[in-house]
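Beneath this line is the structure, given in structure tokens, with notes to follow.
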Amino acid sequence: MRLKNVQYTTFSGWIDPPTDIAPALQGKHECDVAVIGGGMGGMATALRLAERGKDVALLDAEFCGYGASSRNAGQIAGAPGGDLRMLRVLSPKRLPPMVRFAENAANFVEDLMKTYKIDCDYEDNGMVWAAVSPIQMLRVRTLAAILRQAGGHGTVGTNKELGIPGGFMGGMRETRGGMLNPGKLSRGVREALLDSSARVFEQSRVIDIQHENGKVVITTAEGELRANKVVLSTNGHSGEWDITPKNLSTPAWIIEVETEPIAPERLAALGWTSRSGVTTQHQIMENYRLTVRNTIVFGVRRLESGANYPLQPRSPDPGMVRELAEAFAARFPSLSDVGIARSWGGWIAFSASWTTIAGCVGNDVFYSIACNGHGLAQAPYLGSLIADSIVDGKRSADLESVWDEKSTYPPSMVLNPFGLRAVWLVDRLCDKFNGSRRRARAAVS
Ligand SMILES: Cc1cc2nc3c(=O)[nH]c(=O)nc-3n(C[C@H](O)[C@H](O)[C@H](O)COP(=O)(O)OP(=O)(O)OC[C@H]3O[C@@H](n4cnc5c(N)ncnc54)[C@H](O)[C@@H]3O)c2cc1C
């Protein structure tokens, strides 16, 4: 692959920043519910609260949609993330509710697009858990069986049966969800939010959150907001404040890469007839998907941790882009002459259990971690469930299934530089055993 003209960006390759950024919070304000963070999670929370008649204000450090919500691979997952084999051993009772939660999250985002008429190039073609080796195929079959036992759905097949390229042996297609342009989705939800009764303050980084005389006081550089309740929705950034439960999540940096446009006849020759996005079965997955601009977006393969708060804007490391290009050349040998046009990355939050979590500190500071790589649908769904619980004073069955009363979390054993390097090495050893890496190296210039 050609890497000579890669454009590195600190925002996203899917969309440009908005030109109508809302004014910052200035002076003293009050509201009933404050939402901090304007990603898909925070925006869906504030939108739902506004729809249900609450006096709600949302603060974002930059602008709504600045974070992972506009930067991700755009895969709406219809099944839970994390290792289902581990979950079956450690907490089998949690599996069926988690499967139901994931399917309902995909349905929720589809409804959101319809309700607000958001055109974001959505294709409801399900995501494929793809195998690149016989061992990975065995893993897919095991996971598919666990998913089905827990009430989920998925179709196992060969690459031809699933309509995915020959660089993947086969896999399992999720029956819910699909792929979209996440930049356009976030922009559409932001527009709906700006049209709602919610007050939106952009360019308003929250630097402190304190309890004071029965209220929660939120401080920014130029203003103060006093609220009865607060919802923390800043994803990987939520460890910035002392009020967040310790070890709630660990931030990790991941990147995506986009090829130059590829001639339609070359794309057609791949046999990617389903157009379904694929994620490999490595410990740290690789993801590949087509776009409406005849490009392929692909990424992840490595998680980078070790950042101090506050997390800083960042652009991808060229060495990582090269590594992803090598992987691409191995999976798509017929496209190994294609150039890479751009690369970007984002911060995401991982919980130590790699499962979705929600809870409340005291009775007024709500938090959630819905990422673990599946937050595009789960973060907004969870946000809407938290909003409903604030209005109704009770939790729905789906919110209950991820609710944590204790708010105490162990540190992650894996999400540290040493653990992540070890996991990456295991993946590379498996690739080496599979024999594709040397060929791919030669194909990158
Ligand atoms: C490269 C990449 C690929 C991914 N691929 C997928 C995928 O294909 N499918 C999937 O389901 N998920 C994917 N994810 C994960 C998904 O994007 C996230 O889980 C989801 O967008 C999280 O939404 P959020 O609202 O919680 O957080 P974010 O979208 O990150 O929003 C957080 C917001 O908080 C604001 N903020 C931060 N600090 C402060 C502060 N101090 N004060 C005020 N505001 C603050 C930020 O400006 C930001 O707007 C991917 C993520 C990345 C980075």
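Naming scheme: A, B, ... for chains in displayed order of the structure tokens; residues 1 onward per chain; ligands 1 onward as shown.
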Enumerate, as JSON, numbers by chain, the complete set of residues in region 168-211 of chain A that a backbone-based DSSP assignment places in strand (DSSP E).
{"A": [170, 171, 172, 173, 174, 178, 179, 199, 200, 201, 206, 207, 208, 209, 210, 211]}
Kindly provide, as number ranges by chain, all nucleotide and amino acid residues lying within 6 Å of ligand 1, counting only C-alpha atoms and all ligand atoms.
A: 36-42, 59-69, 71-77, 204-207, 233-235, 237, 254-256, 345-348, 371, 373-377, 379
Each residue of region 176-256 of chain A lying at most 12 Å from region 102-108 of chain A should get a row with its shortest atom-to-atom pair and the distance in Å to one decimal, counting only C-alpha atoms; could you produce that, ordered by chain and increasing number, as JSON lines?
```
{"residue": "A:Arg176", "atom": "CA", "partner": "A:Glu103", "partner_atom": "CA", "distance": 6.5}
{"residue": "A:Gly177", "atom": "CA", "partner": "A:Ala106", "partner_atom": "CA", "distance": 5.5}
{"residue": "A:Gly178", "atom": "CA", "partner": "A:Ala106", "partner_atom": "CA", "distance": 8.7}
{"residue": "A:Met179", "atom": "CA", "partner": "A:Ala106", "partner_atom": "CA", "distance": 10.8}
```
Selected residue of minimal separation from Ala349 (chain A) among A:Leu324, A:Leu248, A:Ala263, A:Leu335, counting only C-alpha atoms
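Selected residue with least distance to Ala349 (chain A): A:Leu248.
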d(CA of Phe11 (chain A), CA of Pro316 (chain A)) in Å:
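Taking CA of Phe11 (chain A) as the start and CA of Pro316 (chain A) as the end point, the length is 10.5 Å.
Atom pair CA of Gln283 (chain A) / CA of Leu147 (chain A) has a distance of 18.0 Å (rounded to one decimal).
For the pair CA of Thr19 (chain A) and CA of Ser196 (chain A), the separation is 18.9 Å.
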